[in-house]
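Okay, structure first, notes after.
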Amino acid sequence: MVNLSVNINKTATLRNARGGNMPDVEQIAKDCESFGAQGITVHPRPDGRHIRYSDVYAIKPNIRTELNIEGYPSASFIDLVLDVKPTQVTLVPDAPDALTSNAGWNVREHFELLSELTEVFKRNRIRTSIFVETDLPNLEWAAQTGADRIELYTEPYAQRYDTDREAAVAPFVEAAKYAHELDLGINAGHDLNLQNLSFFVSRVPWLEEVSIGHALICDALYYGLKETICLYKNCLKQA
């Protein structure tokens with residue numbers, strides 16, 4: 001079964017809008033675990049508009065499942081990851097002012113940087129994943145960095161799902177098959193939701209983890225967090 005890692009950034013956005021500590025993101029992380037999530041994802045950004053570095057330090061000792069820290073590898077981000085030592089770090093090419101992740105790495109262009117970072121993180125026993133799109137030559141460059149996994153950027157799939165889901169998923173199937181040949185583990189994330197998730201995981205082979213935040217937290221407003229996590233896990237079971 002594909003693992004579900006819940007991105008809790010949006011709960012921190014809600015907290016930060018009012019100040020104080022409601023909702024308590026540490027408790028949210030623990031609750032997500034107790035409700036069945038196999039991982040917690042956080043994406044601290046330089047402006048601290050949602051998850052803050054202090055949150056990451058607080059969350060790590062309070063969870064038992066995997067912690068995935070994703071973000072652009074600035075000097076401060078690298079220091080955070082090496083200090084906290086999560087199970088996984090996911091490197092994304094976001095600009096500091098990016099609203100959300102909206103593209104994967106051009107690995108060839110940033111090969112030296114990504115290779116050096118992968119070596120550093122793996123030396124510290126941190127699984128390293130590179131956020132990419134479905135371009136096959138780019139996947140080959142990702143494998144050459146020594147990374148353990150890739151995370152496939154799935155917004156293009158989500159955008160096309162309602163009009164032609166077979167065409168939408170086809171590049172991801174091809175990318176997953178090639179990544180597997182390159183001995184890369186495969187994660188996926190961005191705009192996956194209760195409507196499109198089952199089909200995606202039923203078609204994309206060797207998928208190990210999906211990271212879902214925005215849609216899951218939105219659904220939790222209607223269904224509650226516990227029921228929502230159950231619904232997403234059912235999508236993964238049925239695929």
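Residue numbers start at 1 in each chain; chains themselves are named A, B, ... in the order of the structure tokens; ligands are numbered from 1 in the order shown.
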Sort by chain and increasing residue number a table of all residues of stretch 94-158 of chain A within 6 Å of stretch 69-90 of chain A, each with its closest pair of atoms and their distance in Å to one decimal, counting only C-alpha atoms, and write it as a Markdown table.
| residue | atom | partner | partner_atom | distance |
| --- | --- | --- | --- | --- |
| A:Asp94 | CA | A:Tyr72 | CA | 5.7 |
| A:Ile126 | CA | A:Gln88 | CA | 5.5 |
| A:Arg127 | CA | A:Gln88 | CA | 4.5 |
| A:Thr128 | CA | A:Val89 | CA | 5.1 |
| A:Ser129 | CA | A:Thr90 | CA | 4.6 |
| A:Ile130 | CA | A:Thr90 | CA | 5.6 |
Residues flagged strand (DSSP E or B) by DSSP in stretch 27-220 of chain A, as a VMD selection string: chain A and resid 39 to 42 66 to 71 88 to 91 127 to 132 149 to 153 185 to 189 207 to 212
For stretch 220-229 of chain A: contacts at 8 Å, only C-alpha atoms, fewer than 2 positions along chain excluded, given as a PyMOL selection string: chain A and resi 32+35-37+216-218+231-233
Who sits within 8 Å of stretch 177-180 of chain A, only C-alpha atoms, same chain under 2 positions skipped, as a list of chain:residue names: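 The contact residues come out as A:Leu136, A:Leu139, A:Glu140, A:Ala143, A:Val173, A:Glu174, A:Ala175, A:Leu182, A:Asp183, A:Leu184, A:Gly185, A:Ile186, A:Pro205, A:Trp206.
If only C-alpha atoms are the atoms counted, then among A:Asn16, A:Gln144, A:Asn106, A:Ser211 the closest residue to A:His43 is A:Ser211.
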DSSP-assigned helix (DSSP H, G or I) among stretch 61-222 of chain A, expressed as a ChimeraX atom specification: /A:61-62,75-84,111-123,136-144,155-160,165-181,197-203,214-222
Contacts of A:Asn138 at 8 Å (only C-alpha atoms; same-chain gap of 4+ positions) as JSON, numbers by chain: {"A": [106, 107, 108, 132, 134, 142]}
Take the residues from that selection and write them out as a compact mmCIF listing (two decimals), in the first residue's frame, keeping C-alpha atoms.
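Result went into again_6.txt, see below:
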# COMPACT_ATOMS: atom_id res chain seq x y z
CA ASN A 106 15.87 21.20 -13.91
CA VAL A 107 18.33 18.70 -12.49
CA ARG A 108 20.93 19.03 -15.22
CA VAL A 132 10.67 16.73 -10.45
CA THR A 134 7.92 13.75 -15.83
CA ALA A 142 18.19 12.92 -10.83
Nearest to A:Ala176 by atom-to-atom distance, counting only C-alpha atoms, from A:Leu91, A:Ala147, A:Leu192, A:Leu207: A:Leu207
Distance criterion (only C-alpha atoms): nearest to A:Asp191 out of A:Trp141, A:Asn7, A:Gly39, A:Gly48: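 Of A:Trp141, A:Asn7, A:Gly39, A:Gly48, the one nearest A:Asp191, counting only C-alpha atoms, is A:Asn7.
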